[in-house]
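Asker: Got query-v1.txt for you, compact mmCIF, C-alpha atoms:
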# COMPACT_ATOMS: atom_id res chain seq x y z
CA MET A 1 0.00 0.00 0.00
CA ASN A 2 1.30 3.35 -0.90
CA SER A 3 0.78 6.81 0.24
CA GLN A 4 1.17 9.66 -2.17
CA LYS A 5 1.02 13.39 -1.96
CA GLU A 6 -1.06 14.08 -5.01
CA LYS A 7 -4.59 15.30 -4.65
CA VAL A 8 -7.40 12.81 -4.38
CA GLY A 9 -9.68 14.24 -6.93
CA GLY A 10 -11.88 13.92 -9.94
CA THR A 11 -14.24 11.11 -10.61
CA ALA A 12 -12.93 7.93 -12.11
CA PHE A 13 -12.30 7.90 -15.86
CA SER A 14 -11.74 11.64 -15.92
CA GLY A 15 -8.06 11.00 -16.33
CA SER A 16 -8.25 7.79 -18.31
CA ASN A 17 -6.23 7.67 -21.52
CA ARG A 18 -8.16 4.76 -22.95
CA LYS A 19 -9.22 5.02 -26.60
CA GLU A 20 -12.11 2.66 -26.12
CA SER A 21 -15.23 4.20 -24.62
CA LEU A 22 -16.28 3.40 -21.08
CA PHE A 23 -19.47 1.88 -22.40
CA ASP A 24 -17.51 -0.61 -24.52
CA VAL A 25 -15.43 -1.62 -21.51
CA ILE A 26 -18.58 -2.05 -19.42
CA ARG A 27 -20.14 -4.22 -22.11
CA ARG A 28 -17.03 -6.39 -22.22
CA CYS A 29 -17.24 -6.68 -18.43
CA GLN A 30 -20.86 -7.76 -18.74
CA ASP A 31 -19.69 -10.47 -21.14
CA GLY A 32 -17.28 -11.69 -18.46
CA ASP A 33 -14.09 -10.28 -20.02
CA ALA A 34 -11.47 -10.40 -17.23
CA LYS A 35 -9.24 -7.91 -19.03
CA ALA A 36 -12.05 -5.34 -19.10
CA MET A 37 -12.66 -5.95 -15.40
CA GLU A 38 -9.03 -5.22 -14.70
CA GLU A 39 -9.32 -1.97 -16.68
CA ILE A 40 -12.30 -0.90 -14.61
CA TYR A 41 -10.41 -1.84 -11.45
CA SER A 42 -7.40 0.25 -12.50
CA ASP A 43 -9.55 3.27 -13.20
CA TYR A 44 -11.55 3.17 -9.98
CA LYS A 45 -9.16 1.63 -7.45
CA SER A 46 -7.57 4.86 -6.24
CA SER A 47 -10.78 6.80 -5.89
CA LEU A 48 -12.61 3.98 -4.12
CA PHE A 49 -9.65 3.06 -1.93
CA ASN A 50 -9.54 6.62 -0.61
CA LEU A 51 -13.18 6.22 0.35
CA THR A 52 -12.74 2.83 2.03
CA TYR A 53 -9.66 4.04 3.86
CA ARG A 54 -11.49 6.99 5.38
CA TYR A 55 -14.28 4.74 6.59
CA THR A 56 -12.15 1.94 7.98
CA ARG A 57 -9.23 4.11 9.12
CA ASN A 58 -6.94 1.15 8.57
CA LEU A 59 -5.12 0.32 5.34
CA PHE A 60 -5.58 -3.45 5.59
CA SER A 61 -9.28 -3.20 6.40
CA ALA A 62 -9.61 -0.66 3.60
CA GLU A 63 -8.14 -3.20 1.15
CA ASP A 64 -10.51 -5.90 2.33
CA LEU A 65 -13.44 -3.56 1.89
CA LEU A 66 -12.21 -2.46 -1.54
CA GLN A 67 -11.91 -6.11 -2.51
CA ASP A 68 -15.51 -6.80 -1.41
CA ILE A 69 -16.74 -3.78 -3.36
CA PHE A 70 -15.09 -4.88 -6.61
CA ILE A 71 -16.31 -8.44 -6.21
CA LYS A 72 -19.84 -7.08 -5.78
CA ILE A 73 -19.43 -4.86 -8.81
CA PHE A 74 -18.14 -7.61 -11.09
CA THR A 75 -20.61 -10.24 -9.96
CA ARG A 76 -23.55 -7.88 -10.48
CA ILE A 77 -22.43 -5.91 -13.51
CA SER A 78 -24.26 -8.22 -15.90
CA LYS A 79 -27.52 -7.01 -14.38
CA LEU A 80 -26.75 -3.35 -15.02
CA ARG A 81 -29.13 -2.30 -17.78
CA SER A 82 -27.85 1.13 -18.72
CA PRO A 83 -24.10 1.67 -18.92
CA GLU A 84 -24.78 5.41 -18.48
CA ALA A 85 -25.61 4.67 -14.85
CA PHE A 86 -22.36 2.79 -14.25
CA ASN A 87 -20.45 5.54 -12.47
CA VAL A 88 -23.31 6.31 -10.11
CA TRP A 89 -23.90 2.62 -9.51
CA VAL A 90 -20.22 1.98 -8.68
CA TYR A 91 -20.09 4.80 -6.14
CA ARG A 92 -23.44 3.83 -4.66
CA THR A 93 -22.18 0.27 -4.22
CA ALA A 94 -18.99 1.58 -2.63
CA ILE A 95 -20.67 4.07 -0.29
CA ASN A 96 -23.26 1.50 0.81
CA ALA A 97 -20.49 -0.99 1.57
CA CYS A 98 -18.54 1.67 3.47
CA ILE A 99 -21.54 2.70 5.56
CA SER A 100 -22.40 -0.93 6.19
CA SER A 101 -18.83 -1.65 7.33
CA THR A 102 -19.07 1.26 9.78
CA ARG A 103 -22.21 -0.23 11.28
CA LYS A 104 -20.56 -3.64 11.62
CA SER A 105 -17.33 -2.44 13.13
CA GLY A 106 -18.77 0.20 15.44
CA ARG A 107 -17.48 3.70 15.83
CA GLY A 108 -15.12 3.24 18.70
CA LYS A 109 -12.31 1.74 16.70
CA HIS A 110 -8.83 3.17 17.02
CA ILE A 111 -7.47 5.44 14.33
CA PRO A 112 -4.10 4.14 13.11
CA LEU A 113 -3.17 7.14 11.04
CA ASN A 114 0.54 6.53 11.42
CA GLU A 115 0.65 4.47 8.25
CA ILE A 116 0.03 7.46 6.03
CA ASP A 117 1.38 10.06 8.32
CA LYS A 118 5.07 9.70 7.74
CA PRO A 119 6.11 13.24 6.90
CA ASP A 120 9.14 14.31 5.00
CA LYS A 121 10.87 17.41 6.32
CA ALA A 122 9.39 19.78 3.79
CA GLU A 123 5.95 18.81 4.98
CA ALA A 124 6.64 19.24 8.66
CA ASP A 125 4.73 22.51 8.88
CA ASN A 126 1.66 21.09 7.23
CA ILE A 127 1.53 17.67 8.81
CA HIS A 128 -0.51 18.70 11.83
CA ILE A 129 -3.07 20.34 9.54
CA ARG A 130 -3.53 17.11 7.57
CA LEU A 131 -3.69 15.05 10.75
CA ASP A 132 -6.33 17.32 12.22
CA MET A 133 -8.35 17.11 9.04
CA GLU A 134 -8.09 13.29 8.90
CA LYS A 135 -9.27 13.07 12.48
CA ALA A 136 -12.07 15.55 11.88
CA VAL A 137 -13.29 13.54 8.88
CA SER A 138 -13.08 10.31 10.87
CA ILE A 139 -15.63 11.53 13.40
CA LEU A 140 -18.27 12.50 10.84
CA PRO A 141 -21.44 10.40 10.73
CA PRO A 142 -21.31 7.95 7.75
CA LYS A 143 -23.58 9.85 5.36
CA GLN A 144 -22.07 13.24 6.07
CA LYS A 145 -18.69 11.66 5.58
CA ALA A 146 -19.80 10.36 2.18
CA VAL A 147 -20.91 13.81 1.05
CA PHE A 148 -17.78 15.49 2.35
CA LEU A 149 -15.44 12.96 0.74
CA LEU A 150 -17.28 12.94 -2.56
CA HIS A 151 -17.72 16.71 -2.80
CA ASP A 152 -14.78 18.34 -1.08
CA VAL A 153 -12.15 15.65 -1.58
CA GLN A 154 -13.10 13.93 -4.85
CA GLY A 155 -14.77 16.85 -6.60
CA PHE A 156 -18.27 15.47 -7.22
CA THR A 157 -21.08 17.95 -7.86
CA HIS A 158 -24.20 17.98 -5.68
CA GLY A 159 -26.11 16.62 -8.67
CA GLU A 160 -23.79 13.60 -8.86
CA ILE A 161 -23.92 13.06 -5.11
CA ALA A 162 -27.70 13.28 -5.19
CA GLN A 163 -27.77 10.40 -7.71
CA VAL A 164 -25.29 8.30 -5.75
CA MET A 165 -27.06 8.81 -2.43
CA LYS A 166 -30.61 8.87 -3.87
CA TRP A 167 -31.18 12.27 -2.34
CA SER A 168 -32.22 15.68 -3.62
CA GLU A 169 -29.50 18.20 -4.37
CA GLY A 170 -30.82 20.27 -1.47
CA THR A 171 -30.22 17.39 0.92
CA SER A 172 -26.72 16.97 -0.43
CA LYS A 173 -26.01 20.63 0.19
CA SER A 174 -27.41 20.60 3.70
CA GLN A 175 -25.51 17.42 4.59
CA LEU A 176 -22.31 19.01 3.31
CA PHE A 177 -23.02 22.11 5.39
CA ARG A 178 -23.47 19.98 8.50
CA ALA A 179 -20.31 18.01 7.76
CA ARG A 180 -18.28 21.18 7.33
CA MET A 181 -19.71 22.63 10.53
CA LYS A 182 -18.72 19.48 12.45
CA ILE A 183 -15.23 19.61 10.99
CA ARG A 184 -15.03 23.28 11.89
CA GLY A 185 -16.00 22.48 15.46
CA HIS A 186 -13.35 19.77 15.68
CA LEU A 187 -10.66 22.00 14.20
CA LYS A 188 -11.56 24.85 16.50
CA ASP A 189 -10.86 22.58 19.45
CA LYS A 190 -7.54 21.52 17.94
CA ARG A 191 -6.47 24.93 16.70
CA PRO A 192 -7.78 27.43 19.22
CA MET B 1 -30.55 38.65 6.73
CA ARG B 2 -30.26 36.62 9.93
CA CYS B 3 -27.09 34.73 10.82
CA ALA B 4 -28.83 31.33 10.64
CA LYS B 5 -29.77 31.92 7.00
CA ALA B 6 -26.39 33.45 6.21
CA GLN B 7 -24.65 30.36 7.58
CA ARG B 8 -26.56 28.11 5.22
CA LEU B 9 -25.66 30.31 2.28
CA ILE B 10 -22.01 30.50 3.30
CA SER B 11 -21.46 26.82 2.51
CA ASP B 12 -22.89 27.27 -0.99
CA HIS B 13 -21.01 30.56 -1.39
CA THR B 14 -17.78 28.68 -0.68
CA ASP B 15 -18.58 26.48 -3.67
CA LYS B 16 -19.73 29.44 -5.81
CA LEU B 17 -23.23 28.04 -6.08
CA LEU B 18 -25.22 31.17 -5.17
CA ASN B 19 -27.03 33.30 -7.71
CA GLY B 20 -26.39 37.04 -8.01
CA ARG B 21 -29.16 38.11 -5.68
CA GLN B 22 -28.17 35.63 -2.96
CA THR B 23 -24.51 36.62 -3.25
CA GLN B 24 -25.37 40.29 -2.92
CA ALA B 25 -27.55 39.71 0.14
CA LEU B 26 -24.91 37.54 1.80
CA GLU B 27 -22.10 39.97 1.12
CA GLN B 28 -24.19 42.74 2.64
CA HIS B 29 -24.65 40.62 5.78
CA LEU B 30 -20.96 39.74 5.93
CA LYS B 31 -20.00 43.42 5.98
CA GLU B 32 -21.91 43.79 9.21
CA CYS B 33 -21.23 40.41 10.84
CA PRO B 34 -17.68 39.41 11.90
CA ALA B 35 -18.88 36.00 13.15
CA CYS B 36 -20.29 35.02 9.75
CA THR B 37 -17.21 36.43 8.02
CA GLU B 38 -15.09 34.20 10.23
CA LEU B 39 -17.30 31.24 9.35
CA LEU B 40 -16.85 31.95 5.63
CA ASN B 41 -13.08 32.08 6.02
CA GLU B 42 -13.09 28.79 7.91
CA MET B 43 -15.38 27.08 5.40
CA GLN B 44 -13.05 28.14 2.62
CA MET B 45 -10.09 26.84 4.58
CA ILE B 46 -11.80 23.47 5.18
CA ALA B 47 -12.73 23.10 1.51
CA GLY B 48 -9.16 24.00 0.55
CA GLU B 49 -7.57 21.57 2.99
CA ALA B 50 -9.91 18.79 1.90
CA LYS B 51 -8.59 19.08 -1.64
CA ASP B 52 -5.07 18.58 -0.28
CA MET B 53 -5.89 15.48 1.73
CA GLU B 54 -3.38 12.77 1.13
CA SER B 55 -4.14 10.03 -1.34
CA VAL B 56 -3.55 6.38 -0.53
CA LEU B 57 -3.20 3.56 -3.03
CA PRO B 58 -3.98 -0.14 -2.54
CA SER B 59 -1.30 -2.82 -2.84
CA GLU B 60 -0.22 -3.56 -6.37
CA ASN B 61 -1.21 -7.20 -6.15
CA LEU B 62 -4.71 -6.60 -4.82
CA TRP B 63 -6.23 -7.24 -8.24
CA ALA B 64 -4.97 -10.84 -8.19
CA GLY B 65 -6.94 -11.44 -5.00
CA ILE B 66 -10.07 -9.84 -6.40
CA GLU B 67 -9.88 -11.72 -9.68
CA SER B 68 -9.47 -15.03 -7.91
CA GLN B 69 -12.73 -14.45 -6.06
CA ILE B 70 -14.93 -13.45 -8.97
CA PRO B 71 -17.07 -16.51 -9.75
CA LYS B 72 -15.82 -18.01 -12.96
CA ASN B 73 -19.14 -17.80 -14.75
CA ASP B 74 -18.89 -14.04 -14.30
CA ARG B 75 -15.64 -13.88 -16.24
CA LYS B 76 -14.71 -15.75 -19.34
CA SER B 77 -11.31 -14.81 -20.62
CA ARG B 78 -9.47 -16.78 -17.96
CA SER B 79 -8.69 -19.94 -19.85
CA TRP B 80 -8.64 -21.99 -16.67
CA PRO B 81 -10.89 -23.31 -15.32
CA SER B 82 -13.93 -21.99 -17.20
CA GLY B 83 -13.05 -23.66 -20.50
CA ILE B 84 -11.68 -26.81 -19.02
CA GLY B 85 -14.37 -29.10 -20.39
CA ARG B 86 -13.57 -28.10 -23.92
CA PHE B 87 -9.81 -28.54 -23.71
CA PHE B 88 -9.25 -31.80 -21.86
CA ARG B 89 -9.90 -35.08 -23.60
CA PHE B 90 -7.73 -37.93 -22.46
CA SER B 91 -8.50 -40.24 -19.57
CA LEU B 92 -5.23 -42.06 -18.82
CA TYR B 93 -5.15 -41.21 -15.13
CA SER B 94 -8.77 -40.58 -14.49
CA ARG B 95 -9.29 -43.34 -11.95
CA GLU B 96 -6.32 -42.54 -9.74
CA LEU B 97 -6.93 -38.87 -10.09
CA ALA B 98 -10.61 -39.14 -9.28
CA PHE B 99 -9.64 -41.13 -6.20
CA SER B 100 -7.17 -38.53 -5.01
CA VAL B 101 -9.41 -35.55 -5.64
CA SER B 102 -12.27 -37.35 -3.94
CA GLY B 103 -10.11 -37.64 -0.83
CA LEU B 104 -9.30 -34.01 -1.10
CA LEU B 105 -12.94 -33.14 -1.55
CA ALA B 106 -13.96 -35.14 1.51
CA GLY B 107 -11.30 -33.42 3.60
CA LEU B 108 -12.42 -30.01 2.50
CA VAL B 109 -16.08 -30.68 3.09
CA LEU B 110 -15.29 -31.96 6.58
CA MET B 111 -13.13 -28.96 7.26
CA THR B 112 -15.82 -26.54 6.07
CA LEU B 113 -18.50 -28.29 8.09
CA PHE B 114 -16.31 -28.32 11.15
CA TYR B 115 -15.58 -24.66 10.78
CA HIS B 116 -19.17 -23.60 10.23
CA GLY B 117 -20.21 -25.73 13.16
CA THR B 118 -17.91 -23.67 15.33
CA PRO B 119 -19.29 -20.37 16.62
CA PHE B 120 -17.51 -17.39 15.11
CA ILE B 121 -16.21 -16.08 18.36
CA GLN B 122 -12.77 -14.97 19.30
CA ASN B 123 -11.10 -17.42 21.57
CA ASP B 124 -7.98 -17.35 23.61
CA ARG B 125 -6.88 -20.75 22.47
CA SER B 126 -3.65 -20.30 20.60
CA ILE B 127 -3.15 -22.45 17.53
CA PRO B 128 0.33 -23.74 16.81
CA GLY B 129 1.80 -21.89 13.88
CA GLN B 130 -0.75 -19.14 14.24
CA VAL B 131 -0.14 -16.44 11.69
CA ALA B 132 -0.27 -12.83 12.84
CA SER B 133 -2.74 -10.72 10.94
CA ASN B 134 -0.32 -8.66 8.89
CA GLN B 135 1.90 -11.60 8.14
CA PHE B 136 -1.19 -13.46 7.09
CA LYS B 137 -1.98 -10.83 4.48
CA GLU B 138 1.43 -11.36 2.94
CA VAL B 139 1.10 -15.14 2.99
CA ASP B 140 -2.37 -14.79 1.55
CA ARG B 141 -1.08 -12.72 -1.33
CA HIS B 142 1.74 -15.13 -2.05
CA TYR B 143 -0.72 -18.00 -2.23
CA GLN B 144 -2.95 -16.07 -4.56
CA LEU B 145 -0.02 -15.23 -6.79
CA ALA B 146 1.12 -18.86 -6.76
CA ILE B 147 -2.39 -20.00 -7.69
CA GLN B 148 -2.50 -17.46 -10.47
CA ALA B 149 0.89 -18.59 -11.78
CA LEU B 150 -0.21 -22.21 -11.70
CA ASN B 151 -3.44 -21.38 -13.51
CA GLN B 152 -1.36 -19.64 -16.15
CA ALA B 153 0.97 -22.63 -16.48
CA ILE B 154 -2.01 -24.96 -16.90
CA SER B 155 -3.65 -22.76 -19.48
CA GLU B 156 -0.44 -22.89 -21.52
CA GLN B 157 -0.42 -26.69 -21.67
CA ASN B 158 -1.53 -27.86 -25.05
CA VAL B 159 -3.20 -31.02 -23.78
CA GLU B 160 -6.83 -32.04 -23.64
CA LEU B 161 -8.42 -34.22 -20.97
CA SER B 162 -11.59 -36.25 -21.03
CA PRO B 163 -14.72 -34.28 -20.22
CA GLU B 164 -15.33 -36.62 -17.23
CA LEU B 165 -11.91 -35.93 -15.75
CA ALA B 166 -12.21 -32.24 -16.49
CA ALA B 167 -15.58 -32.23 -14.73
CA VAL B 168 -14.04 -33.86 -11.64
CA PHE B 169 -11.41 -31.16 -11.51
CA GLU B 170 -13.87 -28.39 -12.10
CA GLU B 171 -16.24 -29.68 -9.45
CA ASN B 172 -13.48 -29.93 -6.87
CA LEU B 173 -12.12 -26.52 -7.70
CA GLU B 174 -15.57 -25.08 -7.25
CA ILE B 175 -15.81 -26.65 -3.80
CA ILE B 176 -12.42 -25.29 -2.81
CA ASP B 177 -13.33 -21.87 -4.15
CA ASP B 178 -16.59 -21.95 -2.20
CA ALA B 179 -14.69 -22.82 0.96
CA ILE B 180 -12.23 -19.99 0.26
CA ARG B 181 -15.10 -17.56 -0.15
CA SER B 182 -16.69 -18.76 3.11
CA PHE B 183 -13.52 -18.30 5.08
CA ARG B 184 -12.85 -14.92 3.47
CA THR B 185 -16.34 -13.76 4.43
CA ALA B 186 -15.76 -15.01 7.97
CA MET B 187 -12.45 -13.14 8.09
CA ASN B 188 -14.04 -9.94 6.90
CA GLU B 189 -16.58 -10.20 9.69
CA TYR B 190 -14.18 -11.44 12.32
CA PRO B 191 -10.71 -10.21 11.28
CA GLU B 192 -9.13 -11.46 14.49
CA ASP B 193 -10.39 -14.99 14.06
CA GLN B 194 -7.19 -16.99 13.67
CA GLU B 195 -9.01 -20.20 12.88
CA ALA B 196 -10.52 -18.66 9.76
CA ASN B 197 -7.03 -17.51 8.76
CA GLU B 198 -5.64 -20.97 9.25
CA TYR B 199 -8.41 -22.69 7.33
CA LEU B 200 -8.17 -20.22 4.49
CA LEU B 201 -4.48 -20.99 4.15
CA ILE B 202 -5.29 -24.70 4.18
CA CYS B 203 -7.77 -24.11 1.35
CA TYR B 204 -5.13 -22.29 -0.64
CA ARG B 205 -2.69 -25.11 -0.07
CA LYS B 206 -5.30 -27.63 -1.22
CA LYS B 207 -6.03 -25.59 -4.29
CA LEU B 208 -2.34 -25.39 -5.10
CA GLU B 209 -2.02 -29.15 -4.65
CA LEU B 210 -4.97 -29.80 -6.91
CA LEU B 211 -3.73 -27.43 -9.58
CA GLY B 212 -0.22 -28.84 -9.24
CA GLU B 213 -1.54 -32.35 -9.68
CA MET B 214 -3.45 -31.20 -12.70
CA LYS B 215 -0.39 -29.59 -14.23
CA ASP B 216 1.77 -32.68 -13.62
CA LEU B 217 -0.84 -34.87 -15.19
CA MET B 218 -1.01 -32.69 -18.25
CA MET B 219 2.76 -32.55 -18.58
CA ARG B 220 3.04 -36.33 -18.31
CA SER B 221 0.45 -36.82 -20.98
CA GLY B 222 1.75 -34.05 -23.22
Can you present the structure in this file as structure tokens?

Answerer:
Amino acid sequence: MNSQKEKVGGTAFSGSNRKESLFDVIRRCQDGDAKAMEEIYSDYKSSLFNLTYRYTRNLFSAEDLLQDIFIKIFTRISKLRSPEAFNVWVYRTAINACISSTRKSGRGKHIPLNEIDKPDKAEADNIHIRLDMEKAVSILPPKQKAVFLLHDVQGFTHGEIAQVMKWSEGTSKSQLFRARMKIRGHLKDKRP
Amino acid sequence: MRCAKAQRLISDHTDKLLNGRQTQALEQHLKECPACTELLNEMQMIAGEAKDMESVLPSENLWAGIESQIPKNDRKSRSWPSGIGRFFRFSLYSRELAFSVSGLLAGLVLMTLFYHGTPFIQNDRSIPGQVASNQFKEVDRHYQLAIQALNQAISEQNVELSPELAAVFEENLEIIDDAIRSFRTAMNEYPEDQEANEYLLICYRKKLELLGEMKDLMMRSG
């Protein structure tokens, strides 16, 4: 497992260099093409892993959860009727699995952030800011966490989040507001 | 404008989602309200810091583990074992092989039954050779890679077995794969359960043995 400094952002496929369209890859997946499945995995793994990590707060558990999500996706993809809905469906599957894992594991689990919190010297001034933010995100309720991670970290619009969460855009906005207010409260305690 | 309404607009203002009239009304309020101005600054800071949150990547070999758990009727390009019935024709060793895989099958079924008959609770009983969780992950990955390599080696053999023999192999592999899935599910639910870890490793070993036997058989007949 690696940790990298680059931004976690943009929905999957936004940076894909593939010549073939996403729809073609999805169709090949639906036909059981393992190569196409691997392509989908490559395109979504980073984005989804950053979600699972922030729900499990443990890299190994995050990998297990990511594995479960992809197995669900590839065993159910043949039933997906419209490839246009693929992106929403993938994130809905992932968020549901993340929320479900939170319910199973309980909220009192420890937060082993040390695995990604190995700073180099140049980052020393910023490390406490990132740590505070990670901890603040970790205490958000599961649905608020989903909105915050999708919107503020991964760059989804409220319209996209509304589809993933089966909410209205207004609900997405109000959930984001609440999430940010909770984070603000946490940071205020840490950075008086 | 009251502060409660301004606060709601501030979040949208941070994302530049307000229309002209809303922006004007909010900015008017902000001129007169230091508390809401502070909130806006902090919202902008939070949104900015969120964009800089560190990215983590999964292990490079995670795909191998995922692929090995996708039921084979949901993927077709893996030449083994989904197409096995079409490729294997001869039956030189079918009797001895059927005997050995039957033994294997019986062992696995017993093991699965035994495990599922045991409550999934953490116990203090230490098992000899118990594998620590992190070490287990590594061992797990090595087994999966070994299985993948063996599958690849088998798929490259240009030999065909009898449909009956192929069916025996396929049936037994399915049983092993089912057992692997059961133990993986148990481990996801009870990550500290060392028994599930142990049994999963046993399943991998059995799968490797079966695939190894298959490969030897094909090489001998090729």

Asker: Could you give me, as a list in words, the residues within 10 Å of B:Thr37, counting all atoms listed in the file and dropping anything in the same chain fewer than 3 positions from it?

Answerer: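 Selected residues are Ala6, Gln7, Ile10, Leu26, Glu27, His29, Leu30, Lys31, Glu32, Cys33, Pro34, Leu40, Asn41, Glu42 and Met43 of chain B.
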
Asker: Please determine the contact residues of chain B with respect to chain A at a cut-off of 8 Å, counting only C-alpha atoms, and supply them as JSON, numbers by chain.

Answerer: {"B": [8, 11, 12, 42, 43, 46, 47, 49, 50, 51, 52, 53, 54, 55, 56, 57, 58, 59, 60, 62, 63, 65, 66, 67, 69, 70, 71, 73, 74, 75, 76, 77, 78, 188, 189]}

Asker: Quick one: residues within 7 Å of stretch 199-213 of chain B, only C-alpha atoms, excluding same-chain residues fewer than 5 positions away - as a count of residues only?

Answerer: 6

Asker: Which polymer residues have any atom within 9 Å of an atom of A:Ala146, counting only C-alpha atoms, with same-chain residues fewer than 2 positions away left out, as a list in words?

Answerer: Leu51, Ile95, Cys98, Ile99, Pro141, Pro142, Lys143, Gln144, Phe148, Leu149, Leu150, His151, Ile161 and Met165 of chain A

Asker: May I ask for the distance between atom CA of A:Trp89 and atom CA of A:Leu140, given in Å to one decimal place?

Answerer: 23.3 Å

Asker: Can you tell me how far atom CA of A:Ile40 sits from atom CA of A:Ser21, in Å to one decimal?

Answerer: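 Between these atoms lies a distance of 11.6 Å.
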
Asker: Would you mind telling me which residue in A:Glu169, A:Ala162, A:Thr56, A:Asp132 lies nearest to A:Gly185 when using only C-alpha atoms?

Answerer: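 Going through A:Glu169, A:Ala162, A:Thr56, A:Asp132 one by one, the smallest distance to A:Gly185 is for A:Asp132.
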
Asker: I'd like the interatomic distance between atom CA of A:Ser100 and atom CA of A:Ser172, to a tenth of an Å.

Answerer: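 A separation of 19.6 Å between them.
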
Asker: So, counting all atoms listed in the file, which residue among A:Lys182, A:Tyr55, A:Val90, A:Leu22 is closest to A:Gln163?

Answerer: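 Closest to A:Gln163 of all the choices is A:Val90.
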
Asker: Give the answer as one residue: which of B:Leu217, B:Gln144, B:Ile154, B:Asn19 has the shortest atom-to-atom distance to B:Asp177, using only C-alpha atoms?

Answerer: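 Smallest distance to B:Asp177 is found for B:Gln144.
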
Asker: Some atoms are absent from stretch 68-85 of chain A, so rebuild N, CA and C atoms and return them as a compact mmCIF listing (two decimals), keeping the file's coordinate frame.

Answerer:
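part.txt written:
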# COMPACT_ATOMS: atom_id res chain seq x y z
N ASP A 68 -14.08 -6.42 -1.45
CA ASP A 68 -15.51 -6.80 -1.41
C ASP A 68 -16.32 -5.96 -2.40
N ILE A 69 -15.99 -4.68 -2.47
CA ILE A 69 -16.74 -3.78 -3.36
C ILE A 69 -16.56 -4.21 -4.82
N PHE A 70 -15.32 -4.49 -5.22
CA PHE A 70 -15.09 -4.88 -6.61
C PHE A 70 -15.70 -6.24 -6.92
N ILE A 71 -15.68 -7.13 -5.96
CA ILE A 71 -16.31 -8.44 -6.21
C ILE A 71 -17.80 -8.25 -6.42
N LYS A 72 -18.41 -7.39 -5.60
CA LYS A 72 -19.84 -7.08 -5.78
C LYS A 72 -20.09 -6.49 -7.16
N ILE A 73 -19.24 -5.55 -7.52
CA ILE A 73 -19.43 -4.86 -8.81
C ILE A 73 -19.36 -5.87 -9.97
N PHE A 74 -18.34 -6.71 -9.94
CA PHE A 74 -18.14 -7.61 -11.09
C PHE A 74 -19.10 -8.81 -11.10
N THR A 75 -19.64 -9.14 -9.94
CA THR A 75 -20.61 -10.24 -9.96
C THR A 75 -22.01 -9.73 -10.29
N ARG A 76 -22.22 -8.41 -10.19
CA ARG A 76 -23.55 -7.88 -10.48
C ARG A 76 -23.60 -7.04 -11.76
N ILE A 77 -22.46 -6.83 -12.37
CA ILE A 77 -22.43 -5.91 -13.51
C ILE A 77 -23.29 -6.40 -14.67
N SER A 78 -23.45 -7.70 -14.78
CA SER A 78 -24.26 -8.22 -15.90
C SER A 78 -25.72 -7.78 -15.79
N LYS A 79 -26.12 -7.42 -14.57
CA LYS A 79 -27.52 -7.01 -14.38
C LYS A 79 -27.72 -5.50 -14.60
N LEU A 80 -26.63 -4.79 -14.81
CA LEU A 80 -26.75 -3.35 -15.02
C LEU A 80 -27.30 -3.09 -16.41
N ARG A 81 -28.47 -2.45 -16.47
CA ARG A 81 -29.13 -2.30 -17.78
C ARG A 81 -28.58 -1.13 -18.59
N SER A 82 -28.35 -0.01 -17.93
CA SER A 82 -27.85 1.13 -18.72
C SER A 82 -26.43 1.48 -18.30
N PRO A 83 -25.49 1.36 -19.24
CA PRO A 83 -24.10 1.67 -18.92
C PRO A 83 -23.92 3.13 -18.48
N GLU A 84 -24.87 3.99 -18.88
CA GLU A 84 -24.78 5.41 -18.48
C GLU A 84 -24.81 5.54 -16.96
N ALA A 85 -25.45 4.59 -16.31
CA ALA A 85 -25.61 4.67 -14.85
C ALA A 85 -24.43 4.03 -14.12
